[in-house]
file data38.pdb (PDB, C-alpha atoms, pLDDT in the B column)
ATOM      1  CA  MET A 769     -44.381  42.442  40.153  1.00 50.00           C
ATOM      2  CA  LEU A 770     -46.205  42.576  43.487  1.00 60.00           C
ATOM      3  CA  ALA A 771     -49.624  42.045  41.866  1.00 59.00           C
ATOM      4  CA  ALA A 772     -48.349  38.988  40.022  1.00 59.00           C
ATOM      5  CA  ASP A 773     -46.977  37.535  43.264  1.00 59.00           C
ATOM      6  CA  MET A 774     -50.323  38.132  44.960  1.00 62.00           C
ATOM      7  CA  LEU A 775     -52.129  36.315  42.163  1.00 72.00           C
ATOM      8  CA  ILE A 776     -49.828  33.326  42.569  1.00 85.00           C
ATOM      9  CA  ALA A 777     -50.348  33.276  46.351  1.00 85.00           C
ATOM     10  CA  GLN A 778     -54.100  33.509  45.853  1.00 87.00           C
ATOM     11  CA  ASN A 779     -53.991  30.581  43.423  1.00 88.00           C
ATOM     12  CA  VAL A 780     -51.935  28.499  45.843  1.00 91.00           C
ATOM     13  CA  GLY A 781     -54.398  29.319  48.648  1.00 92.00           C
ATOM     14  CA  PHE A 782     -57.310  28.394  46.396  1.00 93.00           C
ATOM     15  CA  TYR A 783     -55.838  25.007  45.526  1.00 94.00           C
ATOM     16  CA  ILE A 784     -54.989  24.188  49.142  1.00 96.00           C
ATOM     17  CA  ILE A 785     -58.500  25.081  50.322  1.00 96.00           C
ATOM     18  CA  ALA A 786     -60.077  23.270  47.367  1.00 96.00           C
ATOM     19  CA  ALA A 787     -58.080  20.112  48.135  1.00 97.00           C
ATOM     20  CA  ILE A 788     -59.221  20.236  51.770  1.00 97.00           C
ATOM     21  CA  MET A 789     -62.813  20.693  50.615  1.00 96.00           C
ATOM     22  CA  VAL A 790     -62.611  17.740  48.209  1.00 96.00           C
ATOM     23  CA  VAL A 791     -61.178  15.493  50.928  1.00 97.00           C
ATOM     24  CA  GLY A 792     -63.899  16.662  53.327  1.00 96.00           C
ATOM     25  CA  ALA A 793     -66.632  16.053  50.744  1.00 94.00           C
ATOM     26  CA  LEU A 794     -65.340  12.563  50.054  1.00 94.00           C
ATOM     27  CA  ARG A 795     -65.261  11.833  53.787  1.00 94.00           C
ATOM     28  CA  VAL A 796     -68.869  13.068  54.121  1.00 90.00           C
ATOM     29  CA  VAL A 797     -70.088  10.400  51.742  1.00 87.00           C
ATOM     30  CA  THR A 798     -67.689   7.609  52.732  1.00 87.00           C
ATOM     31  CA  THR A 799     -67.750   7.699  56.530  1.00 87.00           C
ATOM     32  CA  ARG A 800     -70.019   5.237  58.328  1.00 80.00           C
ATOM     33  CA  ASN A 801     -70.664   7.483  61.323  1.00 80.00           C
ATOM     34  CA  VAL A 802     -73.425  10.069  60.865  1.00 78.00           C
ATOM     35  CA  VAL A 803     -71.946  12.508  63.393  1.00 79.00           C
ATOM     36  CA  HIS A 804     -68.538  12.292  61.733  1.00 85.00           C
ATOM     37  CA  ALA A 805     -70.196  12.961  58.369  1.00 85.00           C
ATOM     38  CA  ALA A 806     -71.768  16.104  59.823  1.00 84.00           C
ATOM     39  CA  LEU A 807     -68.407  17.247  61.162  1.00 87.00           C
ATOM     40  CA  TRP A 808     -66.740  16.649  57.793  1.00 91.00           C
ATOM     41  CA  LEU A 809     -69.526  18.736  56.263  1.00 90.00           C
ATOM     42  CA  VAL A 810     -68.475  21.543  58.614  1.00 91.00           C
ATOM     43  CA  VAL A 811     -64.987  21.303  57.075  1.00 94.00           C
ATOM     44  CA  VAL A 812     -66.452  21.632  53.570  1.00 94.00           C
ATOM     45  CA  LEU A 813     -68.634  24.601  54.548  1.00 93.00           C
ATOM     46  CA  ALA A 814     -65.695  26.306  56.277  1.00 95.00           C
ATOM     47  CA  GLY A 815     -63.677  25.797  53.099  1.00 96.00           C
ATOM     48  CA  ALA A 816     -66.401  27.551  51.135  1.00 95.00           C
ATOM     49  CA  ALA A 817     -66.202  30.464  53.574  1.00 94.00           C
ATOM     50  CA  ALA A 818     -62.426  30.562  53.130  1.00 95.00           C
ATOM     51  CA  GLN A 819     -62.889  30.687  49.355  1.00 95.00           C
ATOM     52  CA  TYR A 820     -65.189  33.687  49.805  1.00 93.00           C
ATOM     53  CA  VAL A 821     -62.468  35.393  51.836  1.00 93.00           C
ATOM     54  CA  LEU A 822     -60.043  34.791  48.958  1.00 92.00           C
ATOM     55  CA  LEU A 823     -62.549  36.490  46.654  1.00 88.00           C
ATOM     56  CA  ALA A 824     -62.679  39.500  49.016  1.00 85.00           C
ATOM     57  CA  ALA A 825     -66.349  38.792  49.787  1.00 85.00           C
ATOM     58  CA  GLU A 826     -66.090  39.065  53.553  1.00 86.00           C
ATOM     59  CA  PHE A 827     -69.806  39.570  54.138  1.00 84.00           C
ATOM     60  CA  VAL A 828     -70.688  36.378  52.278  1.00 87.00           C
ATOM     61  CA  ALA A 829     -67.956  34.498  54.170  1.00 91.00           C
ATOM     62  CA  ILE A 830     -69.265  35.635  57.558  1.00 89.00           C
ATOM     63  CA  THR A 831     -72.825  34.825  56.494  1.00 85.00           C
ATOM     64  CA  GLN A 832     -71.655  31.366  55.396  1.00 88.00           C
ATOM     65  CA  VAL A 833     -70.095  30.778  58.805  1.00 89.00           C
ATOM     66  CA  MET A 834     -73.045  32.114  60.808  1.00 86.00           C
ATOM     67  CA  VAL A 835     -75.877  30.579  58.811  1.00 84.00           C
ATOM     68  CA  TYR A 836     -74.522  27.275  57.578  1.00 84.00           C
ATOM     69  CA  ILE A 837     -71.880  26.320  60.105  1.00 85.00           C
ATOM     70  CA  GLY A 838     -73.409  28.087  63.085  1.00 83.00           C
ATOM     71  CA  ALA A 839     -77.114  27.439  62.660  1.00 77.00           C
ATOM     72  CA  VAL A 840     -77.786  24.684  60.154  1.00 76.00           C
ATOM     73  CA  MET A 841     -75.053  22.339  61.354  1.00 77.00           C
ATOM     74  CA  VAL A 842     -76.007  22.844  64.999  1.00 77.00           C
ATOM     75  CA  LEU A 843     -79.616  21.993  64.167  1.00 75.00           C
ATOM     76  CA  PHE A 844     -78.459  19.007  62.089  1.00 77.00           C
ATOM     77  CA  LEU A 845     -76.352  17.700  64.957  1.00 72.00           C
ATOM     78  CA  PHE A 846     -79.203  18.281  67.424  1.00 74.00           C
ATOM     79  CA  GLY A 847     -81.547  16.368  65.138  1.00 73.00           C
ATOM     80  CA  THR A 848     -79.074  13.533  64.753  1.00 72.00           C
ATOM     81  CA  MET A 849     -78.383  13.284  68.466  1.00 69.00           C
ATOM     82  CA  LEU A 850     -82.034  13.531  69.516  1.00 70.00           C
ATOM     83  CA  THR A 851     -83.244  10.706  67.298  1.00 68.00           C
ATOM     84  CA  ARG A 852     -83.091   7.147  68.441  1.00 60.00           C
ATOM     85  CA  ALA A 853     -80.637   6.325  65.669  1.00 58.00           C
ATOM     86  CA  GLN A 854     -77.407   4.543  66.381  1.00 60.00           C
ATOM     87  CA  ILE A 855     -74.655   7.105  66.968  1.00 58.00           C
ATOM     88  CA  GLY A 856     -71.636   4.909  66.189  1.00 59.00           C
ATOM     89  CA  ALA A 857     -70.615   3.313  62.923  1.00 58.00           C
ATOM     90  CA  GLU A 858     -73.426   1.823  60.857  1.00 61.00           C
ATOM     91  CA  ASP A 859     -73.126  -0.766  58.128  1.00 63.00           C
ATOM     92  CA  ASN A 860     -76.474  -0.353  56.370  1.00 64.00           C
ATOM     93  CA  LEU A 861     -76.278   3.327  55.367  1.00 60.00           C
ATOM     94  CA  ASN A 862     -75.799   2.730  51.632  1.00 65.00           C
ATOM     95  CA  ASN A 863     -78.654   2.165  49.243  1.00 70.00           C
ATOM     96  CA  LYS A 864     -78.396  -1.014  47.199  1.00 77.00           C
ATOM     97  CA  ASN A 865     -78.815   0.980  43.955  1.00 79.00           C
ATOM     98  CA  TRP A 866     -75.941   3.399  44.602  1.00 76.00           C
ATOM     99  CA  PHE A 867     -74.264   2.552  41.275  1.00 84.00           C
ATOM    100  CA  ILE A 868     -77.100   4.284  39.375  1.00 89.00           C
ATOM    101  CA  GLY A 869     -76.113   7.571  41.010  1.00 85.00           C
ATOM    102  CA  ILE A 870     -72.670   7.688  39.390  1.00 88.00           C
ATOM    103  CA  PRO A 871     -73.837   8.067  35.750  1.00 93.00           C
ATOM    104  CA  VAL A 872     -76.588  10.432  36.897  1.00 93.00           C
ATOM    105  CA  ALA A 873     -73.993  12.595  38.694  1.00 91.00           C
ATOM    106  CA  VAL A 874     -71.741  12.602  35.604  1.00 94.00           C
ATOM    107  CA  LEU A 875     -74.708  13.543  33.394  1.00 96.00           C
ATOM    108  CA  MET A 876     -75.722  16.362  35.738  1.00 96.00           C
ATOM    109  CA  PHE A 877     -72.135  17.665  35.867  1.00 95.00           C
ATOM    110  CA  ALA A 878     -71.877  17.617  32.058  1.00 97.00           C
ATOM    111  CA  THR A 879     -75.215  19.435  31.780  1.00 97.00           C
ATOM    112  CA  MET A 880     -74.026  22.087  34.234  1.00 95.00           C
ATOM    113  CA  VAL A 881     -70.751  22.606  32.343  1.00 94.00           C
ATOM    114  CA  ILE A 882     -72.570  22.925  29.016  1.00 95.00           C
ATOM    115  CA  ALA A 883     -75.161  25.328  30.454  1.00 95.00           C
ATOM    116  CA  LEU A 884     -72.506  27.538  32.067  1.00 92.00           C
ATOM    117  CA  ASN A 885     -70.387  27.556  28.921  1.00 91.00           C
ATOM    118  CA  ASP A 886     -73.378  28.446  26.718  1.00 91.00           C
ATOM    119  CA  GLY A 887     -74.610  31.072  29.155  1.00 89.00           C
ATOM    120  CA  PHE A 888     -71.340  32.856  29.862  1.00 87.00           C
ATOM    121  CA  GLY A 889     -68.812  31.683  27.283  1.00 82.00           C
ATOM    122  CA  ASN A 890     -65.772  33.938  27.288  1.00 84.00           C
ATOM    123  CA  GLU A 891     -67.334  36.831  29.198  1.00 82.00           C
ATOM    124  CA  LYS A 892     -65.172  38.588  31.748  1.00 80.00           C
ATOM    125  CA  LEU A 893     -66.104  40.715  34.714  1.00 72.00           C
ATOM    126  CA  PRO A 894     -65.686  44.456  34.180  1.00 77.00           C
ATOM    127  CA  MET A 895     -62.540  45.823  35.789  1.00 79.00           C
ATOM    128  CA  ASP A 896     -64.130  49.194  36.587  1.00 80.00           C
ATOM    129  CA  ALA A 897     -67.030  47.821  38.648  1.00 75.00           C
ATOM    130  CA  PRO A 898     -68.046  50.005  41.603  1.00 81.00           C
ATOM    131  CA  VAL A 899     -66.698  48.922  44.981  1.00 79.00           C
ATOM    132  CA  VAL A 900     -69.456  47.828  47.369  1.00 80.00           C
ATOM    133  CA  THR A 901     -68.518  47.692  51.027  1.00 81.00           C
ATOM    134  CA  THR A 902     -69.659  45.128  53.557  1.00 77.00           C
ATOM    135  CA  GLN A 903     -71.517  47.831  55.457  1.00 83.00           C
ATOM    136  CA  GLN A 904     -73.544  48.768  52.370  1.00 85.00           C
ATOM    137  CA  VAL A 905     -74.522  45.149  51.764  1.00 80.00           C
ATOM    138  CA  SER A 906     -75.491  44.547  55.392  1.00 79.00           C
ATOM    139  CA  ASP A 907     -77.494  47.793  55.537  1.00 84.00           C
ATOM    140  CA  GLN A 908     -79.441  46.743  52.443  1.00 84.00           C
ATOM    141  CA  ILE A 909     -80.230  43.308  53.876  1.00 78.00           C
ATOM    142  CA  PHE A 910     -80.623  43.913  57.585  1.00 78.00           C
ATOM    143  CA  GLY A 911     -82.133  47.392  57.403  1.00 83.00           C
ATOM    144  CA  PRO A 912     -85.661  46.507  56.269  1.00 83.00           C
ATOM    145  CA  TYR A 913     -85.503  42.868  57.407  1.00 82.00           C
ATOM    146  CA  LEU A 914     -84.081  43.257  60.912  1.00 82.00           C
ATOM    147  CA  LEU A 915     -87.356  42.394  62.672  1.00 86.00           C
ATOM    148  CA  PRO A 916     -87.901  39.111  60.739  1.00 84.00           C
ATOM    149  CA  PHE A 917     -84.307  38.040  61.515  1.00 80.00           C
ATOM    150  CA  TRP A 918     -84.882  38.841  65.164  1.00 83.00           C
ATOM    151  CA  ALA A 919     -88.160  36.882  65.224  1.00 86.00           C
ATOM    152  CA  LEU A 920     -86.509  33.937  63.494  1.00 83.00           C
ATOM    153  CA  SER A 921     -83.820  33.814  66.165  1.00 81.00           C
ATOM    154  CA  PHE A 922     -86.528  33.399  68.808  1.00 85.00           C
ATOM    155  CA  VAL A 923     -88.180  30.630  66.788  1.00 85.00           C
ATOM    156  CA  LEU A 924     -84.840  28.785  66.530  1.00 77.00           C
ATOM    157  CA  LEU A 925     -84.226  29.312  70.242  1.00 81.00           C
ATOM    158  CA  ALA A 926     -87.671  27.852  71.033  1.00 83.00           C
ATOM    159  CA  ALA A 927     -86.913  24.840  68.806  1.00 78.00           C
ATOM    160  CA  VAL A 928     -83.620  24.175  70.589  1.00 75.00           C
ATOM    161  CA  ILE A 929     -85.240  24.526  74.028  1.00 80.00           C
ATOM    162  CA  GLY A 930     -88.043  22.174  72.938  1.00 79.00           C
ATOM    163  CA  ALA A 931     -85.520  19.623  71.706  1.00 73.00           C
ATOM    164  CA  ILE A 932     -83.671  19.778  75.015  1.00 74.00           C
ATOM    165  CA  VAL A 933     -86.913  19.343  76.981  1.00 75.00           C
ATOM    166  CA  LEU A 934     -87.892  16.335  74.849  1.00 72.00           C
ATOM    167  CA  ALA A 935     -84.449  14.799  75.288  1.00 68.00           C
ATOM    168  CA  ARG A 936     -84.438  15.238  79.065  1.00 67.00           C
ATOM    169  CA  ARG A 937     -87.753  13.366  79.482  1.00 62.00           C
ATOM    170  CA  ASP A 938     -85.949  10.097  78.889  1.00 56.00           C
TER     171      ASP A 938
END
call {"tool": "encode", "arguments": {"input": "data38.pdb", "output": "structure tokens"}}
result
Amino acid sequence: MLAADMLIAQNVGFYIIAAIMVVGALRVVTTRNVVHAALWLVVVLAGAAAQYVLLAAEFVAITQVMVYIGAVMVLFLFGTMLTRAQIGAEDNLNNKNWFIGIPVAVLMFATMVIALNDGFGNEKLPMDAPVVTTQQVSDQIFGPYLLPFWALSFVLLAAVIGAIVLARRD
């Protein structure tokens, strides 16, 4: 009985997080302020991390938070704020041919559904799969590639310092 209750709670959590993500995604494409769109994208990316937590994939959730929310969104916001673009609401953000994108999006979604159904069909994950811990995953990734990650952090730090120096010249 306890396992069935847990499955129901997990489903409820999934639907709540999914609804928040859908609202955030719609706000990303409907808002007229670029900075607000970036902040709504943070909501969507955080929802993806929360979904990973529901799947018991903690390492992927933490990586999602650190890489996408922590690094990519900070760089996106720096890039947005350092350009000479208008920060407030803009009226001319939409392309005049936006209506062509709707059937293309529907076609791409249908293609994805057909490809996933043909590729996986009714397959199910094995119930006796070996348990892989977060430490094992991180040791496999960061063990041999620790130095490149470290070097990349210095490159990103240099980019942020350069952006600040360029912004302060004005």
call {"tool": "resolve_selection", "arguments": {"input": "data38.pdb", "expression": "the PyMOL selection byres ((chain A and resi 821-827) around 8)", "output": "PyMOL selection string"}}
result
chain A and resi 778+781-782+817-820+828-831+902+905-906
call {"tool": "resolve_selection", "arguments": {"input": "data38.pdb", "expression": "the PyMOL selection byres ((chain A and resi 813) around 9)", "output": "list in words"}}
result
Met789, Trp808, Leu809, Val810, Val811, Val812, Ala814, Gly815, Ala816, Ala817, Ala818, Gln832, Val833, Tyr836 and Ile837 of chain A
call {"tool": "closest_residue", "arguments": {"input": "data38.pdb", "among": "A:Phe867, A:Phe888, A:Phe922, A:Phe844", "to": "His804 (chain A)", "atoms": "only C-alpha atoms"}}
result
A:Phe844
call {"tool": "resolve_selection", "arguments": {"input": "data38.pdb", "expression": "the PyMOL selection byres ((chain A and resi 842) around 12)", "output": "NGL selection string"}}
result
:A and (803 or 806-807 or 809-810 or 833-841 or 843-850 or 924-925 or 927-928)
call {"tool": "atom_distance", "arguments": {"input": "data38.pdb", "atom1": "CA of Trp918 (chain A)", "atom2": "CA of Gly930 (chain A)"}}
result
18.7 Å
call {"tool": "atom_distance", "arguments": {"input": "data38.pdb", "atom1": "CA of Lys864 (chain A)", "atom2": "CA of Thr798 (chain A)"}}
result
14.8 Å
call {"tool": "atom_distance", "arguments": {"input": "data38.pdb", "atom1": "CA of Asn890 (chain A)", "atom2": "CA of Val872 (chain A)"}}
result
27.6 Å
call {"tool": "decode", "arguments": {"input": "data38.pdb", "residues": "region 864-897 of chain A", "atoms": "N, CA and C atoms", "output": "tab-separated table (two decimals), in the first residue's frame"}}
result
chain	number	residue	atom	x	y	z
A	864	LYS	N	7.49	38.70	-38.65
A	864	LYS	CA	6.23	38.84	-39.35
A	864	LYS	C	5.70	37.50	-39.87
A	865	ASN	N	6.55	36.51	-40.01
A	865	ASN	CA	6.16	35.19	-40.53
A	865	ASN	C	6.03	34.16	-39.41
A	866	TRP	N	5.61	34.58	-38.23
A	866	TRP	CA	5.53	33.67	-37.09
A	866	TRP	C	4.51	32.57	-37.31
A	867	PHE	N	3.48	32.80	-38.11
A	867	PHE	CA	2.42	31.82	-38.31
A	867	PHE	C	2.92	30.57	-39.03
A	868	ILE	N	4.03	30.67	-39.76
A	868	ILE	CA	4.60	29.50	-40.44
A	868	ILE	C	5.19	28.53	-39.42
A	869	GLY	N	5.62	29.05	-38.29
A	869	GLY	CA	6.24	28.21	-37.27
A	869	GLY	C	5.28	27.25	-36.60
A	870	ILE	N	4.00	27.58	-36.55
A	870	ILE	CA	3.04	26.70	-35.87
A	870	ILE	C	2.88	25.36	-36.59
A	871	PRO	N	2.62	25.32	-37.91
A	871	PRO	CA	2.53	24.00	-38.55
A	871	PRO	C	3.88	23.27	-38.55
A	872	VAL	N	4.96	24.00	-38.62
A	872	VAL	CA	6.28	23.35	-38.57
A	872	VAL	C	6.49	22.70	-37.21
A	873	ALA	N	6.10	23.40	-36.13
A	873	ALA	CA	6.22	22.83	-34.78
A	873	ALA	C	5.35	21.60	-34.62
A	874	VAL	N	4.11	21.64	-35.15
A	874	VAL	CA	3.22	20.48	-35.07
A	874	VAL	C	3.80	19.31	-35.86
A	875	LEU	N	4.35	19.58	-37.03
A	875	LEU	CA	4.96	18.53	-37.85
A	875	LEU	C	6.17	17.92	-37.14
A	876	MET	N	6.99	18.75	-36.53
A	876	MET	CA	8.16	18.24	-35.81
A	876	MET	C	7.74	17.41	-34.60
A	877	PHE	N	6.70	17.85	-33.88
A	877	PHE	CA	6.21	17.09	-32.74
A	877	PHE	C	5.66	15.74	-33.18
A	878	ALA	N	4.89	15.72	-34.27
A	878	ALA	CA	4.35	14.45	-34.79
A	878	ALA	C	5.48	13.52	-35.22
A	879	THR	N	6.49	14.06	-35.87
A	879	THR	CA	7.65	13.25	-36.28
A	879	THR	C	8.36	12.66	-35.07
A	880	MET	N	8.51	13.45	-34.01
A	880	MET	CA	9.17	12.96	-32.80
A	880	MET	C	8.35	11.85	-32.15
A	881	VAL	N	7.03	12.02	-32.08
A	881	VAL	CA	6.18	11.00	-31.48
A	881	VAL	C	6.25	9.70	-32.28
A	882	ILE	N	6.20	9.81	-33.59
A	882	ILE	CA	6.27	8.61	-34.44
A	882	ILE	C	7.62	7.93	-34.30
A	883	ALA	N	8.71	8.70	-34.29
A	883	ALA	CA	10.04	8.12	-34.17
A	883	ALA	C	10.23	7.44	-32.82
A	884	LEU	N	9.76	8.06	-31.74
A	884	LEU	CA	9.88	7.44	-30.42
A	884	LEU	C	9.02	6.19	-30.30
A	885	ASN	N	7.83	6.22	-30.88
A	885	ASN	CA	6.96	5.05	-30.82
A	885	ASN	C	7.53	3.91	-31.64
A	886	ASP	N	8.08	4.19	-32.82
A	886	ASP	CA	8.69	3.15	-33.64
A	886	ASP	C	9.97	2.61	-33.00
A	887	GLY	N	10.73	3.49	-32.37
A	887	GLY	CA	12.00	3.07	-31.79
A	887	GLY	C	11.86	2.28	-30.51
A	888	PHE	N	10.88	2.65	-29.67
A	888	PHE	CA	10.78	2.01	-28.36
A	888	PHE	C	9.50	1.20	-28.19
A	889	GLY	N	8.42	1.59	-28.82
A	889	GLY	CA	7.18	0.83	-28.74
A	889	GLY	C	6.72	0.60	-27.31
A	890	ASN	N	6.56	-0.66	-26.97
A	890	ASN	CA	6.07	-1.03	-25.64
A	890	ASN	C	7.18	-1.52	-24.72
A	891	GLU	N	8.42	-1.19	-25.03
A	891	GLU	CA	9.53	-1.63	-24.18
A	891	GLU	C	9.42	-1.03	-22.80
A	892	LYS	N	9.89	-1.79	-21.81
A	892	LYS	CA	9.91	-1.30	-20.44
A	892	LYS	C	11.32	-1.45	-19.90
A	893	LEU	N	11.65	-0.59	-18.95
A	893	LEU	CA	12.97	-0.67	-18.33
A	893	LEU	C	13.04	-1.92	-17.46
A	894	PRO	N	14.21	-2.56	-17.41
A	894	PRO	CA	14.33	-3.75	-16.56
A	894	PRO	C	14.25	-3.36	-15.08
A	895	MET	N	13.55	-4.16	-14.32
A	895	MET	CA	13.38	-3.88	-12.89
A	895	MET	C	14.60	-4.28	-12.07
A	896	ASP	N	15.45	-5.14	-12.61
A	896	ASP	CA	16.62	-5.59	-11.86
A	896	ASP	C	17.91	-4.91	-12.34
A	897	ALA	N	17.80	-3.68	-12.79
A	897	ALA	CA	18.97	-2.93	-13.26
A	897	ALA	C	19.88	-2.62	-12.06
